[in-house]
$ cat target01.csv   # CSV, C-alpha atoms and all ligand atoms
chain,number,residue,atom,x,y,z
A,194,MET,CA,171.0,-19.0,-2.0
A,195,LYS,CA,173.4,-16.3,-1.0
A,196,LYS,CA,172.7,-14.2,2.1
A,197,ILE,CA,171.5,-10.7,1.7
A,198,TYR,CA,173.3,-8.9,4.4
A,199,LEU,CA,171.4,-5.7,5.5
A,200,ASP,CA,172.9,-5.2,9.0
A,201,HIS,CA,175.9,-3.1,8.3
A,202,ALA,CA,175.3,-0.9,11.4
A,203,ALA,CA,176.0,-4.0,13.5
A,204,THR,CA,179.3,-4.9,11.7
A,205,THR,CA,180.8,-5.3,8.3
A,206,PRO,CA,182.9,-7.9,6.5
A,207,VAL,CA,186.6,-7.1,6.2
A,208,ALA,CA,187.2,-5.8,2.7
A,209,LYS,CA,189.6,-7.9,0.6
A,210,GLU,CA,192.2,-5.2,0.1
A,211,VAL,CA,192.1,-4.5,3.8
A,212,LEU,CA,192.8,-8.1,4.6
A,213,GLU,CA,195.7,-8.2,2.1
A,214,THR,CA,197.2,-5.1,3.6
A,215,MET,CA,197.0,-6.6,7.1
A,216,LYS,CA,198.5,-10.0,6.3
A,217,PRO,CA,202.3,-9.2,6.3
A,218,TYR,CA,201.9,-7.5,9.8
A,219,PHE,CA,201.0,-10.9,11.3
A,220,SER,CA,204.1,-12.6,9.9
A,221,GLU,CA,207.2,-11.0,8.4
A,222,LYS,CA,206.4,-7.5,9.6
A,223,PHE,CA,205.6,-8.7,13.1
A,224,GLY,CA,207.8,-6.1,14.9
A,225,ASN,CA,207.0,-4.2,18.1
A,226,ALA,CA,206.7,-0.5,17.3
A,227,SER,CA,208.7,0.4,20.4
A,228,THR,CA,211.9,-1.4,19.4
A,229,LEU,CA,214.8,0.1,17.5
A,230,TYR,CA,215.9,-2.5,14.9
A,231,SER,CA,214.5,-2.4,11.4
A,232,ILE,CA,211.4,-4.6,11.8
A,233,GLY,CA,210.4,-2.6,14.8
A,234,LYS,CA,210.9,0.6,12.9
A,235,GLU,CA,208.8,-0.8,10.1
A,236,ALA,CA,206.0,-1.3,12.5
A,237,LYS,CA,206.4,2.2,13.9
A,238,GLU,CA,206.3,3.6,10.4
A,239,ALA,CA,203.1,1.7,9.6
A,240,LEU,CA,201.6,3.0,12.8
A,241,ASN,CA,202.5,6.6,11.9
A,242,ARG,CA,201.2,6.3,8.4
A,243,SER,CA,197.9,4.9,9.7
A,244,ARG,CA,197.7,7.9,12.1
A,245,LYS,CA,198.1,10.3,9.2
A,246,THR,CA,195.5,8.6,7.1
A,247,ILE,CA,192.9,8.7,9.8
A,248,ALA,CA,193.8,12.3,10.8
A,249,ARG,CA,193.4,13.6,7.3
A,250,ILE,CA,189.8,12.3,7.1
A,251,ILE,CA,188.6,14.3,10.1
A,252,ASN,CA,190.9,17.3,9.5
A,253,ALA,CA,193.1,16.7,12.6
A,254,ARG,CA,196.9,16.3,13.1
A,255,ALA,CA,198.4,12.8,13.2
A,256,ASN,CA,199.6,13.3,16.8
A,257,GLU,CA,196.1,13.9,17.9
A,258,ILE,CA,194.9,10.4,16.9
A,259,ILE,CA,195.3,7.5,19.4
A,260,PHE,CA,194.4,3.9,18.6
A,261,THR,CA,192.2,1.8,20.9
A,262,SER,CA,190.5,-1.5,20.9
A,263,GLY,CA,187.3,-0.1,19.4
A,264,GLY,CA,184.4,2.3,19.7
A,265,THR,CA,183.5,1.2,23.2
A,266,GLU,CA,186.9,1.8,24.6
A,267,SER,CA,187.2,5.2,22.8
A,268,ASP,CA,183.9,6.3,24.3
A,269,ASN,CA,184.9,5.1,27.8
A,270,LEU,CA,188.3,6.8,27.5
A,271,ALA,CA,186.7,10.1,26.3
A,272,ILE,CA,184.1,10.4,29.0
A,273,LYS,CA,185.9,8.9,32.0
A,274,GLY,CA,189.3,10.3,31.0
A,275,ILE,CA,187.9,13.9,31.0
A,276,ALA,CA,185.7,13.3,34.0
A,277,PHE,CA,188.7,12.1,36.1
A,278,ALA,CA,191.1,14.8,34.9
A,279,ASN,CA,188.7,17.7,35.4
A,280,LYS,CA,187.2,17.0,38.8
A,281,ASP,CA,188.5,20.3,40.1
A,282,LYS,CA,186.5,22.2,37.4
A,283,GLY,CA,183.2,20.4,37.9
A,284,ASN,CA,181.3,17.2,38.0
A,285,HIS,CA,178.5,17.7,35.4
A,286,ILE,CA,178.2,15.9,32.1
A,287,ILE,CA,175.7,16.5,29.3
A,288,THR,CA,174.7,13.8,26.8
A,289,SER,CA,171.5,12.7,25.1
A,290,LYS,CA,168.9,10.0,25.7
A,291,ILE,CA,169.7,8.3,22.4
A,292,GLU,CA,173.5,7.7,22.7
A,293,HIS,CA,175.0,4.2,22.3
A,294,LYS,CA,175.2,2.1,25.4
A,295,ALA,CA,179.0,2.7,25.5
A,296,ILE,CA,178.2,6.3,26.4
A,297,ILE,CA,175.0,5.8,28.4
A,298,ASN,CA,176.3,3.1,30.6
A,299,THR,CA,179.6,4.9,31.1
A,300,CYS,CA,177.6,8.0,32.3
A,301,LYS,CA,175.4,5.8,34.6
A,302,TRP,CA,178.6,4.4,36.2
A,303,LEU,CA,180.0,7.9,36.6
A,304,GLU,CA,176.8,8.9,38.4
A,305,LYS,CA,177.5,6.2,41.0
A,306,GLN,CA,181.0,7.8,41.4
A,307,GLY,CA,179.4,11.2,42.2
A,308,PHE,CA,179.1,12.8,38.8
A,309,LYS,CA,175.9,14.5,37.7
A,310,VAL,CA,174.6,13.7,34.2
A,311,THR,CA,171.9,15.4,32.1
A,312,TYR,CA,170.4,13.2,29.4
A,313,VAL,CA,168.9,15.7,26.9
A,314,SER,CA,165.7,14.7,25.1
A,315,VAL,CA,165.2,14.4,21.4
A,316,ASP,CA,162.2,15.2,19.2
A,317,LYS,CA,160.0,12.5,17.4
A,318,ASN,CA,162.6,12.3,14.6
A,319,GLY,CA,165.5,11.8,17.0
A,320,LEU,CA,166.9,15.3,16.6
A,321,ILE,CA,168.5,17.2,19.5
A,322,ASN,CA,167.7,20.9,19.8
A,323,PRO,CA,171.0,22.6,20.4
A,324,GLU,CA,169.3,25.1,22.6
A,325,ASP,CA,168.5,22.3,25.0
A,326,ILE,CA,172.2,21.7,25.3
A,327,GLU,CA,172.9,25.3,26.1
A,328,ARG,CA,170.1,25.4,28.7
A,329,ALA,CA,171.5,22.3,30.4
A,330,ILE,CA,175.0,23.9,30.8
A,331,THR,CA,176.0,24.9,34.4
A,332,ASN,CA,179.2,26.3,35.8
A,333,LYS,CA,180.0,22.7,36.7
A,334,THR,CA,179.7,21.2,33.2
A,335,ILE,CA,183.0,19.7,32.0
A,336,ILE,CA,181.9,17.8,28.9
A,337,VAL,CA,179.1,17.5,26.3
A,338,SER,CA,178.9,14.2,24.4
A,339,ILE,CA,176.6,13.9,21.4
A,340,MET,CA,176.8,11.3,18.7
A,341,GLN,CA,177.0,12.4,15.1
A,342,ALA,CA,174.5,9.8,13.8
A,343,ASN,CA,172.4,7.3,15.7
A,344,ASN,CA,173.0,3.6,15.1
A,345,GLU,CA,169.4,2.6,15.4
A,346,ILE,CA,167.4,5.2,13.6
A,347,GLY,CA,170.2,7.0,11.6
A,348,THR,CA,169.3,10.5,12.6
A,349,ILE,CA,172.2,13.0,12.0
A,350,GLN,CA,172.7,15.7,14.6
A,351,ASN,CA,173.6,19.3,14.0
A,352,LEU,CA,177.1,18.9,15.4
A,353,ALA,CA,178.5,22.2,14.3
A,354,GLU,CA,175.8,24.1,16.2
A,355,ILE,CA,176.3,22.0,19.3
A,356,GLY,CA,180.0,22.4,19.0
A,357,LYS,CA,179.8,26.1,18.7
A,358,ILE,CA,177.8,26.3,21.9
A,359,CYS,CA,180.4,24.2,23.8
A,360,ARG,CA,183.3,26.3,22.5
A,361,LYS,CA,181.5,29.5,23.6
A,362,HIS,CA,181.1,28.1,27.1
A,363,LYS,CA,184.6,26.5,27.1
A,364,ILE,CA,183.3,23.0,27.6
A,365,TYR,CA,184.8,20.0,25.9
A,366,PHE,CA,182.8,18.6,23.1
A,367,HIS,CA,183.0,14.8,22.4
A,368,THR,CA,181.2,13.0,19.5
A,369,ASP,CA,180.7,9.3,19.1
A,370,ALA,CA,181.1,9.2,15.3
A,371,VAL,CA,181.3,5.4,15.2
A,372,GLN,CA,178.3,5.0,13.0
A,373,SER,CA,178.9,7.9,10.7
A,374,PHE,CA,182.7,7.8,10.2
A,375,CYS,CA,183.5,7.6,6.5
A,376,LYS,CA,179.8,7.6,5.6
A,377,ILE,CA,179.2,11.4,5.9
A,378,PRO,CA,181.7,14.2,6.2
A,379,ILE,CA,183.1,15.2,9.6
A,380,ASN,CA,185.5,18.0,10.3
A,381,VAL,CA,186.8,18.5,13.9
A,382,LYS,CA,187.8,22.2,13.2
A,383,SER,CA,184.6,23.5,11.5
A,384,MET,CA,182.4,21.5,13.9
A,385,TYR,CA,184.4,22.5,17.1
A,386,ILE,CA,184.9,18.9,18.1
A,387,ASP,CA,187.6,18.3,20.8
A,388,ILE,CA,187.3,14.5,21.1
A,389,LEU,CA,185.9,12.0,18.6
A,390,SER,CA,185.4,8.2,18.7
A,391,ALA,CA,185.4,5.9,15.7
A,392,SER,CA,185.7,2.2,15.1
A,393,SER,CA,187.2,-0.1,12.4
A,394,HIS,CA,184.6,-2.9,12.1
A,395,LYS,CA,181.8,-0.6,11.1
A,396,ILE,CA,183.7,0.4,7.9
A,397,TYR,CA,185.0,-2.9,6.5
A,398,GLY,CA,188.0,-3.0,8.8
A,399,PRO,CA,188.8,-5.7,11.4
A,400,LYS,CA,187.0,-5.9,14.7
A,401,GLY,CA,188.8,-4.9,17.9
A,402,VAL,CA,190.3,-1.6,16.6
A,403,GLY,CA,189.2,1.9,17.1
A,404,MET,CA,190.5,5.4,17.5
A,405,LEU,CA,190.1,8.5,19.6
A,406,TYR,CA,190.9,11.9,18.3
A,407,ILE,CA,192.0,14.2,21.2
A,408,ASN,CA,192.7,17.8,20.5
A,409,ARG,CA,196.0,18.7,22.0
A,410,LYS,CA,194.5,21.2,24.4
A,411,VAL,CA,192.2,18.7,26.1
A,412,ASN,CA,193.0,17.8,29.7
A,413,ILE,CA,192.4,14.0,29.9
A,414,ASP,CA,193.6,11.1,31.9
A,415,PRO,CA,194.4,7.7,30.4
A,416,LEU,CA,192.5,4.6,31.6
A,417,LEU,CA,195.3,2.1,30.9
A,418,HIS,CA,198.7,2.8,32.5
A,419,GLY,CA,201.9,1.1,31.5
A,420,GLY,CA,204.6,1.7,28.9
A,421,ASN,CA,203.2,5.0,27.7
A,422,HIS,CA,202.3,3.9,24.2
A,423,GLU,CA,200.0,6.2,22.2
A,424,TYR,CA,201.4,9.4,23.7
A,425,GLY,CA,200.8,8.0,27.1
A,426,MET,CA,197.0,7.9,26.5
A,427,ARG,CA,196.8,4.1,25.9
A,428,SER,CA,199.5,1.8,27.1
A,429,GLY,CA,199.9,-1.6,25.6
A,430,THR,CA,201.8,-2.9,22.6
A,431,GLU,CA,200.0,-1.7,19.5
A,432,ASN,CA,197.8,-4.0,17.4
A,433,ILE,CA,199.7,-3.0,14.2
A,434,ALA,CA,197.9,-5.4,11.9
A,435,GLY,CA,194.5,-4.2,13.1
A,436,ILE,CA,195.5,-0.5,13.0
A,437,VAL,CA,196.9,-0.9,9.4
A,438,GLY,CA,193.7,-2.6,8.4
A,439,PHE,CA,191.6,0.1,10.0
A,440,ALA,CA,193.5,2.9,8.2
A,441,LYS,CA,193.3,1.0,4.9
A,442,ALA,CA,189.5,0.6,5.3
A,443,ALA,CA,189.1,4.3,6.2
A,444,GLU,CA,191.2,5.3,3.2
A,445,ILE,CA,189.1,3.2,0.7
A,446,ILE,CA,185.7,4.0,2.2
A,447,SER,CA,186.3,7.8,2.6
A,448,GLN,CA,187.6,8.2,-0.9
A,449,ASN,CA,184.3,6.9,-2.3
A,450,MET,CA,182.1,8.5,0.4
A,451,LYS,CA,180.1,11.0,-1.7
A,452,LYS,CA,179.3,8.7,-4.6
A,453,GLU,CA,178.6,5.7,-2.4
A,454,GLY,CA,176.4,7.8,-0.2
A,455,GLU,CA,174.3,9.0,-3.2
A,456,ARG,CA,174.0,5.4,-4.4
A,457,GLN,CA,172.8,4.2,-1.0
A,458,ILE,CA,170.4,7.1,-0.6
A,459,LYS,CA,168.6,6.0,-3.8
A,460,LEU,CA,168.3,2.4,-2.5
A,461,ARG,CA,167.3,3.6,0.9
A,462,ASP,CA,164.6,5.8,-0.3
A,463,LYS,CA,163.2,3.2,-2.7
A,464,LEU,CA,163.0,0.7,0.2
A,465,ILE,CA,161.4,3.4,2.5
A,466,THR,CA,158.8,4.3,-0.2
A,467,GLU,CA,157.8,0.6,-0.7
A,468,VAL,CA,157.8,-0.3,3.0
A,469,ASN,CA,155.5,2.7,3.7
A,470,LYS,CA,152.9,1.0,1.5
A,471,ILE,CA,152.6,-1.9,3.9
A,472,LYS,CA,149.5,-1.4,6.1
A,473,ASP,CA,150.3,0.0,9.5
A,474,ALA,CA,154.0,0.4,8.8
A,475,HIS,CA,155.5,3.4,10.7
A,476,PHE,CA,158.7,5.0,9.7
A,477,ASN,CA,161.3,5.8,12.4
A,478,GLY,CA,163.9,8.6,12.4
A,479,HIS,CA,164.4,11.7,10.4
A,480,PRO,CA,163.2,11.7,6.7
A,481,THR,CA,166.2,13.5,5.3
A,482,GLN,CA,168.7,14.2,8.0
A,483,ARG,CA,169.7,10.6,8.2
A,484,LEU,CA,172.5,8.2,7.3
A,485,PRO,CA,172.5,7.1,3.7
A,486,ASN,CA,172.3,3.5,4.7
A,487,ASN,CA,169.6,3.4,7.4
A,488,ILE,CA,166.0,2.3,7.1
A,489,ASN,CA,163.9,1.9,10.3
A,490,PHE,CA,160.2,1.0,10.7
A,491,TRP,CA,157.9,-0.4,13.3
A,492,PHE,CA,154.9,-2.6,12.3
A,493,LYS,CA,151.7,-2.7,14.3
A,494,GLY,CA,150.9,-6.2,15.6
A,495,VAL,CA,154.2,-7.7,14.7
A,496,GLU,CA,156.9,-9.0,16.9
A,497,GLY,CA,160.3,-7.9,15.8
A,498,GLU,CA,162.2,-11.1,16.7
A,499,ALA,CA,159.7,-13.2,14.9
A,500,LEU,CA,160.1,-11.0,11.9
A,501,LEU,CA,163.9,-11.4,12.0
A,502,PHE,CA,163.6,-15.2,12.1
A,503,ARG,CA,161.2,-15.2,9.1
A,504,LEU,CA,163.5,-12.9,7.2
A,505,ASP,CA,166.5,-15.1,8.1
A,506,GLY,CA,164.5,-18.0,6.6
A,507,LYS,CA,164.5,-16.0,3.4
A,508,ASN,CA,168.3,-15.3,3.7
A,509,ILE,CA,167.9,-11.7,4.7
A,510,CYS,CA,169.9,-10.4,7.7
A,511,ALA,CA,168.3,-7.5,9.4
A,512,SER,CA,168.0,-6.2,13.0
A,513,THR,CA,165.4,-5.3,15.6
A,514,GLN,CA,166.4,-2.5,18.1
A,515,SER,CA,170.2,-2.7,18.2
A,516,ALA,CA,172.4,-5.8,18.0
A,517,CYS,CA,174.1,-4.9,21.3
A,518,SER,CA,170.9,-5.2,23.2
A,519,SER,CA,169.0,-7.9,21.4
A,520,TYR,CA,169.5,-10.2,24.4
A,521,GLU,CA,167.7,-7.8,26.5
A,522,LEU,CA,163.9,-7.8,26.4
A,523,LYS,CA,163.6,-4.2,27.4
A,524,PRO,CA,162.4,-1.8,24.6
A,525,SER,CA,165.1,0.1,22.8
A,526,HIS,CA,166.0,3.3,24.8
A,527,VAL,CA,166.3,5.1,21.4
A,528,LEU,CA,162.8,4.2,20.2
A,529,THR,CA,161.4,5.0,23.7
A,530,ALA,CA,163.1,8.4,23.5
A,531,ILE,CA,161.4,9.2,20.1
A,532,GLY,CA,158.1,8.4,21.7
A,533,LEU,CA,157.3,4.8,20.9
A,534,ALA,CA,155.4,2.6,23.4
A,535,ALA,CA,157.0,-0.7,24.4
A,536,GLU,CA,154.8,-2.8,22.1
A,537,GLN,CA,155.5,-0.5,19.1
A,538,SER,CA,159.2,-0.7,19.8
A,539,HIS,CA,159.1,-4.5,19.9
A,540,GLY,CA,157.7,-4.4,16.3
A,541,SER,CA,160.7,-2.5,15.0
A,542,LEU,CA,162.9,-3.5,12.1
A,543,ARG,CA,166.2,-2.0,10.9
A,544,PHE,CA,167.9,-2.5,7.6
A,545,THR,CA,171.4,-1.0,7.1
A,546,LEU,CA,172.9,-1.0,3.6
A,547,GLY,CA,176.5,-1.6,2.7
A,548,LYS,CA,178.8,-1.2,-0.3
A,549,ASP,CA,178.0,-4.6,-1.8
A,550,ASN,CA,174.2,-4.3,-1.7
A,551,LYS,CA,172.6,-4.0,-5.1
A,552,GLU,CA,169.2,-2.9,-6.3
A,553,GLN,CA,168.2,-6.6,-6.7
A,554,ASP,CA,168.7,-7.0,-2.9
A,555,ILE,CA,166.2,-4.2,-2.2
A,556,ASP,CA,163.7,-5.6,-4.8
A,557,TYR,CA,163.9,-9.0,-3.1
A,558,VAL,CA,163.2,-7.5,0.3
A,559,ILE,CA,160.2,-5.6,-1.2
A,560,GLU,CA,158.9,-8.8,-2.6
A,561,VAL,CA,159.1,-10.9,0.6
A,562,LEU,CA,158.6,-8.5,3.5
A,563,PRO,CA,154.9,-7.7,3.0
A,564,LYS,CA,154.1,-11.4,2.8
A,565,ILE,CA,156.0,-12.1,6.0
A,566,ILE,CA,154.3,-9.3,7.8
A,567,LYS,CA,150.9,-10.4,6.6
A,568,SER,CA,151.5,-14.0,7.7
A,569,LEU,CA,152.8,-12.9,11.2
A,570,ARG,CA,149.8,-10.7,11.7
A,571,ARG,CA,147.5,-13.6,11.1
A,572,ILE,CA,149.0,-15.4,14.1
A,573,SER,CA,149.7,-12.3,16.2
A,574,PRO,CA,148.7,-12.3,19.8
A,575,PHE,CA,148.6,-8.4,19.8
A,576,LYS,CA,145.6,-8.0,17.6
B,1,LIG,C1,179.1,0.1,17.3
B,1,LIG,C2,179.0,1.3,18.0
B,1,LIG,C3,179.8,1.6,19.1
B,1,LIG,C4,180.8,0.5,19.7
B,1,LIG,O1,181.9,0.2,18.9
B,1,LIG,P1,182.7,-1.1,19.1
B,1,LIG,O2,183.9,-0.9,18.2
B,1,LIG,O3,181.8,-2.2,18.6
B,1,LIG,O4,183.1,-1.2,20.5
B,1,LIG,C5,179.7,2.8,19.8
B,1,LIG,N1,178.9,3.7,19.3
B,1,LIG,C6,178.1,3.6,18.2
B,1,LIG,C7,177.3,4.7,17.7
B,1,LIG,C8,178.2,2.3,17.5
B,1,LIG,O5,177.4,2.2,16.5

$ encode --input "target01.csv" --output "structure tokens" --more "lines below"
Ligand SMILES: *Cc1c(COP(=O)(O)O)cnc(C)c1O
Amino acid sequence: MKKIYLDHAATTPVAKEVLETMKPYFSEKFGNASTLYSIGKEAKEALNRSRKTIARIINARANEIIFTSGGTESDNLAIKGIAFANKDKGNHIITSKIEHKAIINTCKWLEKQGFKVTYVSVDKNGLINPEDIERAITNKTIIVSIMQANNEIGTIQNLAEIGKICRKHKIYFHTDAVQSFCKIPINVKSMYIDILSASSHKIYGPKGVGMLYINRKVNIDPLLHGGNHEYGMRSGTENIAGIVGFAKAAEIISQNMKKEGERQIKLRDKLITEVNKIKDAHFNGHPTQRLPNNINFWFKGVEGEALLFRLDGKNICASTQSACSSYELKPSHVLTAIGLAAEQSHGSLRFTLGKDNKEQDIDYVIEVLPKIIKSLRRISPFK
């Protein structure tokens, strides 16, 4: 039986067209973009085209986009780069309790280097109150970093409101848009975003490629020094094949964003409605202000990992907490922040839809999930 993949927040398969677009850049178009003969220029042109494609999607200029090795590097560069470059202005960073580990652990490391970090709370749906951001601002604050949408529970933040506050106080505003890029609209101008992270492998592009939008007015230091590639912000010979693939993926996915979003919302809401009928099933995240592809629940008296194995036995790929921390036994920091106790958090389950999921896939989940939960509860030690 074919696998029903419902873990698109963890990663996605490379789309066929994306792979085809990339192929020549491994072989005949192998040039180094910094060289002057024709195959080098070809690489340079591909790089510039990719920059334009990505810039257009977020309403930025091409020369404000730099390519990185992924979302984690982009997040590190944004936070550390600004922290290091603006030490004379202050040492205070504001972020939230539900950011990705690429932000949280970067901030924790900066705390050891003498920076101060405020981790703003969220409500039970995972929403940040923009007023809490404003209250946290001091005359030492240099950057606010808030994700557009959460990777575990799908909650979408009011970025424009937060951005407006940052602009008013002349503080840099960074957003980790890795999970939302090309899924919901984002506009760096109307949302007052100075820096933005995105990643290729969450949108049907290759792994190991990402980007950082940096508004030209931002004062930021690079983390990698060398041949001054990427406007001096990220030295190292560019991964042209990966970058071309990332841009192609972004182009395809963003073109179909509205229609695909509406299609996924129908499937999402059908699954949510049905899962809600299971006894002691509790919905996580915001009911409406959420990613079109995210479904998250916790089940009383059920162990998430056991649930995953049973689902896998039925060829369904899902997730408990986030894939990045599934080797840790600590409860998810996101579920803790929305008020779940450790044992509730351990019974959590996330489905994230993708472009190839059909209604039959959802119907199949609706058929097998209640039976698995019932059977697990019969043997549960938590009863
Ligand atoms: C996946 C993810 C990242 C990390 O991106 P990588 O490209 O895997 O390094 C960062 N932030 C969020 C919100 C993510 O979902």

$ residues_near_ligand --input "target01.csv" --ligand "ligand LIG 1 (chain B)" --cutoff "9 Å" --atoms "only C-alpha atoms and all ligand atoms" --output "MDAnalysis selection string"
chainID A and resid 202:204 262:268 292:296 340:345 369:373 390:395 400:403 515:517

$ atom_distance --input "target01.csv" --atom1 "atom CA of Asn432 of chain A" --atom2 "atom CA of Glu238 of chain A"
13.4 Å

$ closest_residue --input "target01.csv" --among "A:Ser231, A:Thr481, A:Thr545, A:Gln514" --to "Leu464 of chain A" --atoms "all atoms listed in the file"
A:Thr545

$ residues_around --input "target01.csv" --residues "Asp414 of chain A" --least-positions-apart "2" --cutoff "7 Å" --atoms "only C-alpha atoms" --output "list in words"
Gly274, Ile275, Phe277, Ala278 and Leu416 of chain A

$ atom_distance --input "target01.csv" --atom1 "atom CA of Arg570 of chain A" --atom2 "atom CA of Gly532 of chain A"
23.1 Å

$ atom_distance --input "target01.csv" --atom1 "atom CA of Gly283 of chain A" --atom2 "atom CA of Val310 of chain A"
11.5 Å

$ closest_residue --input "target01.csv" --among "A:Ile386, A:Ile555, A:Ile509, A:Ala534" --to "Asp462 of chain A" --atoms "all atoms listed in the file"
A:Ile555

$ closest_residue --input "target01.csv" --among "A:Glu552, A:Val561, A:Arg461, A:Gly429" --to "Gly506 of chain A" --atoms "all atoms listed in the file"
A:Val561

$ closest_residue --input "target01.csv" --among "A:Leu240, A:Ala276, A:Val315, A:Leu562" --to "Pro415 of chain A" --atoms "only C-alpha atoms"
A:Ala276

$ closest_residue --input "target01.csv" --among "A:Cys510, A:Tyr397, A:Lys382, A:Leu569" --to "Lys196 of chain A" --atoms "all atoms listed in the file"
A:Cys510

$ closest_residue --input "target01.csv" --among "A:Ala474, A:Val211, A:Ile572, A:Cys375" --to "Gln537 of chain A" --atoms "all atoms listed in the file"
A:Ala474

$ residues_around --input "target01.csv" --residues "Lys282 of chain A" --least-positions-apart "2" --cutoff "12 Å" --atoms "all atoms listed in the file" --output "MDAnalysis selection string"
chainID A and resid 275:280 284:286 331:336 363:365 412

$ residues_around --input "target01.csv" --residues "Gly425 of chain A" --least-positions-apart "6" --cutoff "12 Å" --atoms "all atoms listed in the file" --output "list in words"
Asn256, Glu257, Ile259, Phe260, Ile413, Asp414, Pro415, Leu416, Leu417, His418 and Gly419 of chain A

$ residues_around --input "target01.csv" --residues "Ala442 of chain A" --least-positions-apart "3" --cutoff "8 Å" --atoms "all atoms listed in the file" --output "PDB file with C-alpha atoms, keeping the file's coordinate frame"
ATOM      1  CA  ALA A 208     187.200  -5.800   2.700  1.00  0.00           C
ATOM      2  CA  VAL A 211     192.100  -4.500   3.800  1.00  0.00           C
ATOM      3  CA  SER A 393     187.200  -0.100  12.400  1.00  0.00           C
ATOM      4  CA  ILE A 396     183.700   0.400   7.900  1.00  0.00           C
ATOM      5  CA  TYR A 397     185.000  -2.900   6.500  1.00  0.00           C
ATOM      6  CA  GLY A 398     188.000  -3.000   8.800  1.00  0.00           C
ATOM      7  CA  GLY A 438     193.700  -2.600   8.400  1.00  0.00           C
ATOM      8  CA  PHE A 439     191.600   0.100  10.000  1.00  0.00           C
ATOM      9  CA  ILE A 445     189.100   3.200   0.700  1.00  0.00           C
ATOM     10  CA  ILE A 446     185.700   4.000   2.200  1.00  0.00           C
TER      11      ILE A 446
END

$ residues_around --input "target01.csv" --residues "Met215 of chain A" --least-positions-apart "6" --cutoff "7 Å" --atoms "all atoms listed in the file" --output "PyMOL selection string"
chain A and resi 434-435+437-438

$ closest_atom_pairs --input "target01.csv" --of "segment 261-365 of chain A" --to "segment 482-496 of chain A" --cutoff "6 Å" --atoms "only C-alpha atoms" --output "CSV"
residue,atom,partner,partner_atom,distance
A:Ile346,CA,A:Asn489,CA,5.8
A:Gly347,CA,A:Arg483,CA,5.0
A:Thr348,CA,A:Arg483,CA,4.4
A:Ile349,CA,A:Arg483,CA,5.1

$ decode --input "target01.csv" --residues "segment 416-435 of chain A" --atoms "C-alpha atoms" --output "tab-separated table (two decimals), in the first residue's frame"
chain	number	residue	atom	x	y	z
A	416	LEU	CA	28.72	34.83	10.50
A	417	LEU	CA	30.79	33.32	7.68
A	418	HIS	CA	33.79	35.29	6.46
A	419	GLY	CA	35.67	34.58	3.26
A	420	GLY	CA	35.32	35.57	-0.39
A	421	ASN	CA	32.45	38.01	0.25
A	422	HIS	CA	29.80	36.08	-1.65
A	423	GLU	CA	26.16	37.10	-1.21
A	424	TYR	CA	26.96	40.81	-0.76
A	425	GLY	CA	29.50	39.91	1.91
A	426	MET	CA	26.77	38.45	4.11
A	427	ARG	CA	27.52	34.79	3.49
A	428	SER	CA	30.87	33.75	2.06
A	429	GLY	CA	31.26	30.42	0.31
A	430	THR	CA	30.75	29.27	-3.28
A	431	GLU	CA	27.01	29.32	-3.90
A	432	ASN	CA	24.98	26.10	-4.10
A	433	ILE	CA	23.60	27.04	-7.52
A	434	ALA	CA	21.65	23.82	-8.17
A	435	GLY	CA	20.02	24.07	-4.75
